[in-house]
Amino acid sequence: MSRRRVACIWVEPSMSLLAVRDAEPLFFALAESLGRFSPVIALRGREAIFLEIGKSHHLFPEASFPLRVQALGRRLGLPVLRVAVADTAPLALVAARYEIRCRFPEWSDLGLETFSDLLAPFDSQPDPELARKIIAWRASFEDLGVRSLGEFAELPKKTLASRMGAWGLELMGRIWGDREPAWPRFEPPEKLVERMDFSDLEIAAEGVWEEKLKLTESDRRKNEGDALGPAVFVIKALMDRALLRLRGRAQRASRVALRLRVEGWEHVSDRDLERTWEWSLAFPQSTSAGLLPVIRERVARELERRPLGAPIREIEFEVLEMTPGSQVQRNWITDHDEERAEHWQAVLGRLSAQLGKDEQGQERIFQWKLADRYRPERQSERTTHRSRSVVQEESAILTRRPLELRPRRPALLLRQPLRLELAAGGSAALRVVGADWVSEHGQRFKITHWEGPERMSSEWWEPEPLRRAYYEAWTQQGQRLWVFWGRGEAQAAGLFLHGYFD
Amino acid sequence: MVTLSSLKLSSPPTTTTASPLEFCTCTALQPALKRAGLEGKEGLPRGQFIELAGPWGGGKTHFLLSFLSENPRFRVAWVQGDRERVLDPGAFFTRESGIKDPQQFLDRLWVIEPPTAQLWSCLHPLLRSQALDVIVFQADASGAAYAQETELRRLQILARQSRSLLFWLKEKPTRVGAWPIGIQLWVQDGEASILKWGSQRSPEFSMEVAR
């Protein structure tokens, strides 16, 4: 039985040499081409690539693996790649990142900052809660005089659970190579290519296109004056074939490319031998009826400006990205709900692909799930349409509590609580009727009635627990506000507007 | 508070909805309909572009929640074009919200937070899909400023074709170029009043806007 061996390729130094726009495609190109060594690949952000090479020892010796990877990197334009091989992914990562051998005396001098690499080897930005915990552990261990990984590894295991909880034992297991987290497997995005080669035809000869494509008289008339010439019929045929394949898989094209290769005549420069156009479609397409006019318009315009210097040798139509489409065969007789739900999922898939992700890398389309947290801004969590079935199984304790026992909550929450200050000239303490309060944005609220307080605090294990007294406040303008007295996020104590009973 | 006592409609209002009209129950609107002399209406007609204006904290969302709780089979998309305020699902799990089965309500509610550039255009595929009964679009002042008359007209046509109800939540009612909006409601102090219904417009509308 072959031994488990994991290789980590630390790409980050090469990435930092490149512009952001160029770095990402190169990183994925490297990850995809590493598939020749092993099909089990995982990524860590845009920093590192992991490969399980234990089962590939018949293909290449382990000692030659770093040299092979570096040669591949140089070919792709990534000159600095650090490669390390170890028994588990966390150890391989630490070895590649800090350029050490992953044997005991080598890593013993490493600092405690490696905790995050060992605990979350596949996340370049670990979960904020775990990151906060790691900071707290490091501070407490450094107070005790434990400053290196070697010193930490010598601590008795039985004291770790009380200090760090389950994470302590997990961390120790990872240091000694006994444990490893599950691999988020990388699968390169699928591409669909349809190509037609004309090198065996006498393209220049008039009538060959028409004969090959069986064009009618009306087709010829339609085609008259078009810079693309009869090539448009070939493009349509290729497009039809590609999109039909997608429809068979209940998918649609959301990013496509067209490539024209011409004969290598003397006067044609290398740059003009191949012309490529790419389209990111706002609405994924499943037929050529919608797609062809878009492609035809742009290609024809550009060919008018810069014509092809020689006859076309090859036409290639490529689908670079696909999104879920509607069901292949619909059941029109029964089960309309299921069909409607599927249609809706397809719409969500397309829209999600169109909108992309937000600044935090989260999906822009989501559903809510209640979480058992005290702090109001954390009482709800997002779930995406992909994890919907999981959501339905889960049910927070809060949602099972009878409605009568639940306190009133505003329908609209502010993402950031707004500080309220007493208007100039006003002199009133909290809960005084008729006082004028002004928000940071200059909104003025004359409070006519107060109700409360409802005291709330965050969980005791949070690094900086919050204590707030919430009030409902009615304004002269007919608004019902949710305000609290306490501290906002990293702000001094005061009165804050946190929501509207809209 | 606006009252439409002076607004007596001599003939039934002409609306731009698809024919035949299909009304969705809305108890919270009944007093306002009565005041406007529109007793025959049972609620909100499908396929309408409805503007729901009023100060934040005035009761717009509550009005919508009570409408949705009366129509429990509706599939809803909530488009949050507001950079400051977000919908809090915790509010559904209170007796005050009037929602009998909040978990079921959450299951049929989808929240969409589009980037600013696609704030309006993302409504088109939602409406075209015909998979939704209600689409709520909540915009802050900067998002509302992008609303062009042609854009509103497009949305009105799409809403009519898909027979979906498109709600636009905002702070101040649209006065100039609001003709594609079928129904304009004003909600303050938890009470709704009608500013415009079809082609009929409240004479106090301009006063309300000025206020």
# chains A, B, ... in the order shown; residues from 1 in each chain; ligands from 1
call {"tool": "closest_atom_pairs", "arguments": {"of": "chain B", "to": "chain A", "cutoff": "9 Å", "atoms": "only C-alpha atoms", "output": "JSON lines"}}
result
{"residue": "B:Pro55", "atom": "CA", "partner": "A:Gln479", "partner_atom": "CA", "distance": 6.7}
{"residue": "B:Trp56", "atom": "CA", "partner": "A:Asp502", "partner_atom": "CA", "distance": 5.9}
{"residue": "B:Gly57", "atom": "CA", "partner": "A:Asp502", "partner_atom": "CA", "distance": 3.8}
{"residue": "B:Gly58", "atom": "CA", "partner": "A:Gln479", "partner_atom": "CA", "distance": 4.8}
{"residue": "B:Gly59", "atom": "CA", "partner": "A:Asp502", "partner_atom": "CA", "distance": 4.0}
{"residue": "B:Lys60", "atom": "CA", "partner": "A:Asp502", "partner_atom": "CA", "distance": 5.5}
{"residue": "B:Thr61", "atom": "CA", "partner": "A:Asp502", "partner_atom": "CA", "distance": 5.1}
{"residue": "B:His62", "atom": "CA", "partner": "A:Asp502", "partner_atom": "CA", "distance": 6.0}
{"residue": "B:Phe63", "atom": "CA", "partner": "A:Asp502", "partner_atom": "CA", "distance": 8.5}
{"residue": "B:Arg83", "atom": "CA", "partner": "A:Arg415", "partner_atom": "CA", "distance": 8.0}
{"residue": "B:Glu84", "atom": "CA", "partner": "A:Leu414", "partner_atom": "CA", "distance": 5.6}
{"residue": "B:Arg85", "atom": "CA", "partner": "A:Leu414", "partner_atom": "CA", "distance": 4.5}
{"residue": "B:Val86", "atom": "CA", "partner": "A:Leu413", "partner_atom": "CA", "distance": 5.3}
{"residue": "B:Leu87", "atom": "CA", "partner": "A:Leu412", "partner_atom": "CA", "distance": 4.7}
{"residue": "B:Asp88", "atom": "CA", "partner": "A:Ala411", "partner_atom": "CA", "distance": 5.2}
{"residue": "B:Pro89", "atom": "CA", "partner": "A:Trp368", "partner_atom": "CA", "distance": 6.8}
{"residue": "B:Gly90", "atom": "CA", "partner": "A:Arg409", "partner_atom": "CA", "distance": 6.3}
{"residue": "B:Ala91", "atom": "CA", "partner": "A:Arg409", "partner_atom": "CA", "distance": 4.8}
{"residue": "B:Phe92", "atom": "CA", "partner": "A:Ala411", "partner_atom": "CA", "distance": 7.7}
{"residue": "B:Phe93", "atom": "CA", "partner": "A:Leu403", "partner_atom": "CA", "distance": 6.1}
{"residue": "B:Thr94", "atom": "CA", "partner": "A:Leu403", "partner_atom": "CA", "distance": 5.1}
{"residue": "B:Arg95", "atom": "CA", "partner": "A:Leu403", "partner_atom": "CA", "distance": 5.3}
{"residue": "B:Glu96", "atom": "CA", "partner": "A:Arg408", "partner_atom": "CA", "distance": 7.1}
{"residue": "B:Ser97", "atom": "CA", "partner": "A:Ala411", "partner_atom": "CA", "distance": 8.8}
{"residue": "B:Lys100", "atom": "CA", "partner": "A:Leu403", "partner_atom": "CA", "distance": 8.9}
{"residue": "B:Pro102", "atom": "CA", "partner": "A:Thr399", "partner_atom": "CA", "distance": 8.1}
{"residue": "B:Gln103", "atom": "CA", "partner": "A:Thr399", "partner_atom": "CA", "distance": 7.2}
{"residue": "B:Leu106", "atom": "CA", "partner": "A:Trp368", "partner_atom": "CA", "distance": 6.5}
{"residue": "B:Asp107", "atom": "CA", "partner": "A:Gln367", "partner_atom": "CA", "distance": 7.4}
{"residue": "B:Arg108", "atom": "CA", "partner": "A:Gln367", "partner_atom": "CA", "distance": 8.6}
{"residue": "B:Leu109", "atom": "CA", "partner": "A:Gln367", "partner_atom": "CA", "distance": 6.6}
{"residue": "B:Trp110", "atom": "CA", "partner": "A:Gln367", "partner_atom": "CA", "distance": 5.1}
{"residue": "B:Val111", "atom": "CA", "partner": "A:Phe366", "partner_atom": "CA", "distance": 5.4}
{"residue": "B:Ile112", "atom": "CA", "partner": "A:Ile365", "partner_atom": "CA", "distance": 4.5}
{"residue": "B:Glu113", "atom": "CA", "partner": "A:Arg364", "partner_atom": "CA", "distance": 5.1}
{"residue": "B:Pro114", "atom": "CA", "partner": "A:Arg364", "partner_atom": "CA", "distance": 6.3}
{"residue": "B:Pro115", "atom": "CA", "partner": "A:Leu355", "partner_atom": "CA", "distance": 7.1}
{"residue": "B:Gln118", "atom": "CA", "partner": "A:Leu355", "partner_atom": "CA", "distance": 7.6}
{"residue": "B:Cys122", "atom": "CA", "partner": "A:Leu351", "partner_atom": "CA", "distance": 7.5}
{"residue": "B:Pro125", "atom": "CA", "partner": "A:Leu351", "partner_atom": "CA", "distance": 7.4}
{"residue": "B:Leu126", "atom": "CA", "partner": "A:Val347", "partner_atom": "CA", "distance": 7.5}
{"residue": "B:Ser129", "atom": "CA", "partner": "A:Val347", "partner_atom": "CA", "distance": 6.6}
{"residue": "B:Gln130", "atom": "CA", "partner": "A:Trp344", "partner_atom": "CA", "distance": 8.7}
{"residue": "B:Ala131", "atom": "CA", "partner": "A:Trp344", "partner_atom": "CA", "distance": 5.8}
{"residue": "B:Leu132", "atom": "CA", "partner": "A:Trp344", "partner_atom": "CA", "distance": 8.2}
{"residue": "B:Gln188", "atom": "CA", "partner": "A:Gly478", "partner_atom": "CA", "distance": 6.0}
{"residue": "B:Asp189", "atom": "CA", "partner": "A:Gly478", "partner_atom": "CA", "distance": 4.8}
{"residue": "B:Gly190", "atom": "CA", "partner": "A:Asp502", "partner_atom": "CA", "distance": 8.2}
call {"tool": "closest_residue", "arguments": {"among": "A:Glu47, A:Val193, A:Pro66, A:Gly173", "to": "Pro121 in chain A", "atoms": "only C-alpha atoms"}}
result
A:Glu47
call {"tool": "select_by_dssp", "arguments": {"residues": "range 96-164 of chain B", "states": "alpha helix (DSSP H)", "output": "NGL selection string"}}
result
:B and (102-107 or 123-128 or 141-145 or 149-162)
call {"tool": "write_last_selection", "arguments": {"atoms": "N, CA, C and O atoms", "output": "compact mmCIF listing (two decimals), in the first residue's frame"}}
result
# COMPACT_ATOMS: atom_id res chain seq x y z
N PRO B 102 -43.51 31.81 10.20
CA PRO B 102 -42.34 32.57 9.72
C PRO B 102 -41.32 31.71 8.98
O PRO B 102 -40.70 32.17 8.03
N GLN B 103 -41.15 30.46 9.42
CA GLN B 103 -40.15 29.61 8.76
C GLN B 103 -40.53 29.37 7.30
O GLN B 103 -39.70 29.43 6.40
N GLN B 104 -41.83 29.12 7.09
CA GLN B 104 -42.31 28.92 5.72
C GLN B 104 -42.12 30.21 4.90
O GLN B 104 -41.77 30.17 3.73
N PHE B 105 -42.33 31.33 5.59
CA PHE B 105 -42.16 32.62 4.93
C PHE B 105 -40.71 32.82 4.49
O PHE B 105 -40.43 33.27 3.38
N LEU B 106 -39.77 32.44 5.37
CA LEU B 106 -38.34 32.57 5.03
C LEU B 106 -37.98 31.69 3.84
O LEU B 106 -37.14 32.05 3.03
N ASP B 107 -38.62 30.52 3.76
CA ASP B 107 -38.32 29.58 2.68
C ASP B 107 -38.71 30.13 1.31
O ASP B 107 -38.15 29.74 0.30
N LEU B 123 -33.72 43.67 -12.01
CA LEU B 123 -35.17 43.44 -11.87
C LEU B 123 -35.74 42.80 -13.13
O LEU B 123 -36.73 42.07 -13.06
N HIS B 124 -35.11 43.05 -14.26
CA HIS B 124 -35.65 42.54 -15.54
C HIS B 124 -35.71 41.02 -15.58
O HIS B 124 -36.78 40.47 -15.86
N PRO B 125 -34.56 40.31 -15.33
CA PRO B 125 -34.67 38.85 -15.37
C PRO B 125 -35.62 38.29 -14.32
O PRO B 125 -36.26 37.27 -14.56
N LEU B 126 -35.73 38.98 -13.18
CA LEU B 126 -36.64 38.49 -12.14
C LEU B 126 -38.08 38.56 -12.63
O LEU B 126 -38.86 37.63 -12.44
N LEU B 127 -38.41 39.67 -13.26
CA LEU B 127 -39.78 39.83 -13.76
C LEU B 127 -40.03 38.91 -14.95
O LEU B 127 -41.08 38.27 -15.04
N ARG B 128 -39.05 38.83 -15.83
CA ARG B 128 -39.22 38.00 -17.03
C ARG B 128 -39.38 36.53 -16.69
O ARG B 128 -40.02 35.78 -17.42
N ALA B 141 -31.64 56.85 -1.24
CA ALA B 141 -31.80 58.05 -2.08
C ALA B 141 -30.91 57.98 -3.31
O ALA B 141 -31.31 58.36 -4.41
N SER B 142 -29.68 57.44 -3.16
CA SER B 142 -28.77 57.42 -4.31
C SER B 142 -29.27 56.43 -5.37
O SER B 142 -29.18 56.69 -6.56
N GLY B 143 -29.81 55.30 -4.93
CA GLY B 143 -30.34 54.32 -5.87
C GLY B 143 -31.57 54.84 -6.58
O GLY B 143 -31.75 54.65 -7.79
N ALA B 144 -32.44 55.53 -5.82
CA ALA B 144 -33.67 56.07 -6.40
C ALA B 144 -33.36 57.14 -7.43
O ALA B 144 -34.10 57.35 -8.39
N ALA B 145 -32.22 57.83 -7.23
CA ALA B 145 -31.86 58.92 -8.15
C ALA B 145 -31.61 58.41 -9.56
O ALA B 145 -31.70 59.15 -10.52
N GLU B 149 -37.39 57.66 -16.35
CA GLU B 149 -38.78 57.40 -16.72
C GLU B 149 -38.87 56.19 -17.65
O GLU B 149 -39.76 55.35 -17.50
N THR B 150 -37.91 56.07 -18.58
CA THR B 150 -37.93 54.94 -19.51
C THR B 150 -37.72 53.62 -18.76
O THR B 150 -38.32 52.60 -19.09
N GLU B 151 -36.88 53.67 -17.75
CA GLU B 151 -36.60 52.46 -16.95
C GLU B 151 -37.88 52.04 -16.21
O GLU B 151 -38.24 50.86 -16.18
N LEU B 152 -38.56 53.03 -15.64
CA LEU B 152 -39.81 52.73 -14.92
C LEU B 152 -40.85 52.17 -15.88
O LEU B 152 -41.60 51.25 -15.54
N ARG B 153 -40.88 52.70 -17.08
CA ARG B 153 -41.85 52.23 -18.08
C ARG B 153 -41.56 50.76 -18.45
O ARG B 153 -42.47 49.95 -18.56
N ARG B 154 -40.28 50.46 -18.61
CA ARG B 154 -39.89 49.07 -18.92
C ARG B 154 -40.37 48.15 -17.81
O ARG B 154 -40.92 47.08 -18.06
N LEU B 155 -40.14 48.57 -16.58
CA LEU B 155 -40.52 47.74 -15.45
C LEU B 155 -42.03 47.57 -15.39
O LEU B 155 -42.54 46.50 -15.06
N GLN B 156 -42.75 48.67 -15.72
CA GLN B 156 -44.21 48.58 -15.70
C GLN B 156 -44.70 47.55 -16.71
O GLN B 156 -45.55 46.73 -16.40
N ILE B 157 -44.11 47.58 -17.91
CA ILE B 157 -44.52 46.63 -18.95
C ILE B 157 -44.20 45.20 -18.52
O ILE B 157 -45.03 44.29 -18.64
N LEU B 158 -43.01 45.02 -17.97
CA LEU B 158 -42.61 43.67 -17.54
C LEU B 158 -43.52 43.16 -16.41
O LEU B 158 -43.90 42.00 -16.40
N ALA B 159 -43.85 44.06 -15.48
CA ALA B 159 -44.72 43.66 -14.36
C ALA B 159 -46.08 43.24 -14.90
O ALA B 159 -46.68 42.26 -14.46
N ARG B 160 -46.58 44.00 -15.88
CA ARG B 160 -47.90 43.70 -16.45
C ARG B 160 -47.87 42.35 -17.17
O ARG B 160 -48.76 41.54 -17.03
N GLN B 161 -46.79 42.13 -17.94
CA GLN B 161 -46.70 40.88 -18.70
C GLN B 161 -46.54 39.66 -17.80
O GLN B 161 -47.06 38.59 -18.08
N SER B 162 -45.78 39.85 -16.72
CA SER B 162 -45.51 38.70 -15.85
C SER B 162 -46.59 38.54 -14.78
O SER B 162 -46.57 37.55 -14.04
call {"tool": "atom_distance", "arguments": {"atom1": "CA of Glu462 in chain A", "atom2": "CA of Glu170 in chain A"}}
result
21.5 Å
call {"tool": "atom_distance", "arguments": {"atom1": "CA of Asp133 in chain B", "atom2": "CA of Arg75 in chain B"}}
result
5.4 Å
call {"tool": "decode", "arguments": {"residues": "range 234-268 of chain A", "atoms": "N, CA and C atoms", "output": "PDB file, in the first residue's frame"}}
result
ATOM      1  N   VAL A 234     -20.898  28.947 -40.968  1.00  0.00           N
ATOM      2  CA  VAL A 234     -20.078  27.960 -40.239  1.00  0.00           C
ATOM      3  C   VAL A 234     -20.154  28.256 -38.747  1.00  0.00           C
ATOM      4  N   ILE A 235     -20.038  29.545 -38.414  1.00  0.00           N
ATOM      5  CA  ILE A 235     -20.091  29.931 -36.996  1.00  0.00           C
ATOM      6  C   ILE A 235     -21.423  29.498 -36.403  1.00  0.00           C
ATOM      7  N   LYS A 236     -22.494  29.725 -37.162  1.00  0.00           N
ATOM      8  CA  LYS A 236     -23.821  29.350 -36.648  1.00  0.00           C
ATOM      9  C   LYS A 236     -23.902  27.834 -36.441  1.00  0.00           C
ATOM     10  N   ALA A 237     -23.355  27.087 -37.387  1.00  0.00           N
ATOM     11  CA  ALA A 237     -23.407  25.625 -37.255  1.00  0.00           C
ATOM     12  C   ALA A 237     -22.634  25.161 -36.024  1.00  0.00           C
ATOM     13  N   LEU A 238     -21.463  25.761 -35.810  1.00  0.00           N
ATOM     14  CA  LEU A 238     -20.650  25.388 -34.643  1.00  0.00           C
ATOM     15  C   LEU A 238     -21.365  25.756 -33.351  1.00  0.00           C
ATOM     16  N   MET A 239     -21.946  26.953 -33.386  1.00  0.00           N
ATOM     17  CA  MET A 239     -22.657  27.451 -32.208  1.00  0.00           C
ATOM     18  C   MET A 239     -23.848  26.551 -31.882  1.00  0.00           C
ATOM     19  N   ASP A 240     -24.594  26.183 -32.909  1.00  0.00           N
ATOM     20  CA  ASP A 240     -25.751  25.307 -32.712  1.00  0.00           C
ATOM     21  C   ASP A 240     -25.335  23.990 -32.061  1.00  0.00           C
ATOM     22  N   ARG A 241     -24.236  23.437 -32.564  1.00  0.00           N
ATOM     23  CA  ARG A 241     -23.779  22.154 -32.029  1.00  0.00           C
ATOM     24  C   ARG A 241     -23.371  22.282 -30.565  1.00  0.00           C
ATOM     25  N   ALA A 242     -22.618  23.359 -30.263  1.00  0.00           N
ATOM     26  CA  ALA A 242     -22.148  23.552 -28.886  1.00  0.00           C
ATOM     27  C   ALA A 242     -23.323  23.779 -27.937  1.00  0.00           C
ATOM     28  N   LEU A 243     -24.269  24.612 -28.381  1.00  0.00           N
ATOM     29  CA  LEU A 243     -25.391  24.939 -27.496  1.00  0.00           C
ATOM     30  C   LEU A 243     -26.341  23.756 -27.328  1.00  0.00           C
ATOM     31  N   LEU A 244     -26.439  22.937 -28.367  1.00  0.00           N
ATOM     32  CA  LEU A 244     -27.265  21.731 -28.226  1.00  0.00           C
ATOM     33  C   LEU A 244     -26.673  20.778 -27.195  1.00  0.00           C
ATOM     34  N   ARG A 245     -25.355  20.671 -27.211  1.00  0.00           N
ATOM     35  CA  ARG A 245     -24.702  19.833 -26.203  1.00  0.00           C
ATOM     36  C   ARG A 245     -25.021  20.358 -24.812  1.00  0.00           C
ATOM     37  N   LEU A 246     -24.971  21.698 -24.670  1.00  0.00           N
ATOM     38  CA  LEU A 246     -25.261  22.294 -23.366  1.00  0.00           C
ATOM     39  C   LEU A 246     -26.705  22.027 -22.958  1.00  0.00           C
ATOM     40  N   ARG A 247     -27.617  22.166 -23.903  1.00  0.00           N
ATOM     41  CA  ARG A 247     -29.040  21.953 -23.578  1.00  0.00           C
ATOM     42  C   ARG A 247     -29.271  20.537 -23.104  1.00  0.00           C
ATOM     43  N   GLY A 248     -28.532  19.611 -23.683  1.00  0.00           N
ATOM     44  CA  GLY A 248     -28.647  18.226 -23.246  1.00  0.00           C
ATOM     45  C   GLY A 248     -28.220  18.035 -21.810  1.00  0.00           C
ATOM     46  N   ARG A 249     -27.376  18.950 -21.338  1.00  0.00           N
ATOM     47  CA  ARG A 249     -26.915  18.851 -19.951  1.00  0.00           C
ATOM     48  C   ARG A 249     -27.625  19.863 -19.063  1.00  0.00           C
ATOM     49  N   ALA A 250     -28.722  20.445 -19.554  1.00  0.00           N
ATOM     50  CA  ALA A 250     -29.509  21.455 -18.816  1.00  0.00           C
ATOM     51  C   ALA A 250     -28.618  22.629 -18.410  1.00  0.00           C
ATOM     52  N   GLN A 251     -27.826  23.097 -19.366  1.00  0.00           N
ATOM     53  CA  GLN A 251     -26.955  24.239 -19.087  1.00  0.00           C
ATOM     54  C   GLN A 251     -27.079  25.275 -20.193  1.00  0.00           C
ATOM     55  N   ARG A 252     -26.592  26.464 -19.885  1.00  0.00           N
ATOM     56  CA  ARG A 252     -26.571  27.533 -20.880  1.00  0.00           C
ATOM     57  C   ARG A 252     -25.188  28.163 -20.907  1.00  0.00           C
ATOM     58  N   ALA A 253     -24.896  28.832 -21.989  1.00  0.00           N
ATOM     59  CA  ALA A 253     -23.573  29.457 -22.114  1.00  0.00           C
ATOM     60  C   ALA A 253     -23.632  30.855 -21.526  1.00  0.00           C
ATOM     61  N   SER A 254     -22.682  31.174 -20.646  1.00  0.00           N
ATOM     62  CA  SER A 254     -22.655  32.535 -20.107  1.00  0.00           C
ATOM     63  C   SER A 254     -21.384  33.277 -20.531  1.00  0.00           C
ATOM     64  N   ARG A 255     -20.361  32.565 -21.011  1.00  0.00           N
ATOM     65  CA  ARG A 255     -19.164  33.237 -21.553  1.00  0.00           C
ATOM     66  C   ARG A 255     -18.693  32.407 -22.739  1.00  0.00           C
ATOM     67  N   VAL A 256     -18.539  33.058 -23.859  1.00  0.00           N
ATOM     68  CA  VAL A 256     -18.152  32.328 -25.070  1.00  0.00           C
ATOM     69  C   VAL A 256     -17.000  33.054 -25.761  1.00  0.00           C
ATOM     70  N   ALA A 257     -16.309  32.317 -26.616  1.00  0.00           N
ATOM     71  CA  ALA A 257     -15.211  32.922 -27.391  1.00  0.00           C
ATOM     72  C   ALA A 257     -15.262  32.393 -28.809  1.00  0.00           C
ATOM     73  N   LEU A 258     -14.846  33.237 -29.750  1.00  0.00           N
ATOM     74  CA  LEU A 258     -14.765  32.830 -31.146  1.00  0.00           C
ATOM     75  C   LEU A 258     -13.331  33.066 -31.614  1.00  0.00           C
ATOM     76  N   ARG A 259     -12.782  32.072 -32.310  1.00  0.00           N
ATOM     77  CA  ARG A 259     -11.394  32.171 -32.750  1.00  0.00           C
ATOM     78  C   ARG A 259     -11.333  31.879 -34.252  1.00  0.00           C
ATOM     79  N   LEU A 260     -10.696  32.764 -34.997  1.00  0.00           N
ATOM     80  CA  LEU A 260     -10.501  32.552 -36.433  1.00  0.00           C
ATOM     81  C   LEU A 260      -9.007  32.424 -36.700  1.00  0.00           C
ATOM     82  N   ARG A 261      -8.616  31.333 -37.331  1.00  0.00           N
ATOM     83  CA  ARG A 261      -7.203  31.175 -37.709  1.00  0.00           C
ATOM     84  C   ARG A 261      -7.116  31.248 -39.233  1.00  0.00           C
ATOM     85  N   VAL A 262      -6.138  32.014 -39.709  1.00  0.00           N
ATOM     86  CA  VAL A 262      -6.043  32.195 -41.166  1.00  0.00           C
ATOM     87  C   VAL A 262      -4.792  31.502 -41.696  1.00  0.00           C
ATOM     88  N   GLU A 263      -4.739  31.357 -43.011  1.00  0.00           N
ATOM     89  CA  GLU A 263      -3.576  30.730 -43.652  1.00  0.00           C
ATOM     90  C   GLU A 263      -2.333  31.586 -43.387  1.00  0.00           C
ATOM     91  N   GLY A 264      -1.220  30.923 -43.201  1.00  0.00           N
ATOM     92  CA  GLY A 264       0.013  31.655 -42.873  1.00  0.00           C
ATOM     93  C   GLY A 264       0.713  32.200 -44.100  1.00  0.00           C
ATOM     94  N   TRP A 265       0.062  33.108 -44.786  1.00  0.00           N
ATOM     95  CA  TRP A 265       0.685  33.714 -45.959  1.00  0.00           C
ATOM     96  C   TRP A 265       1.789  34.668 -45.523  1.00  0.00           C
ATOM     97  N   GLU A 266       2.649  34.984 -46.472  1.00  0.00           N
ATOM     98  CA  GLU A 266       3.852  35.747 -46.142  1.00  0.00           C
ATOM     99  C   GLU A 266       3.546  37.114 -45.525  1.00  0.00           C
ATOM    100  N   HIS A 267       2.586  37.799 -46.107  1.00  0.00           N
ATOM    101  CA  HIS A 267       2.329  39.175 -45.651  1.00  0.00           C
ATOM    102  C   HIS A 267       1.511  39.225 -44.357  1.00  0.00           C
ATOM    103  N   VAL A 268       1.060  38.073 -43.865  1.00  0.00           N
ATOM    104  CA  VAL A 268       0.259  38.080 -42.620  1.00  0.00           C
ATOM    105  C   VAL A 268       1.206  38.011 -41.424  1.00  0.00           C
TER     106      VAL A 268
END
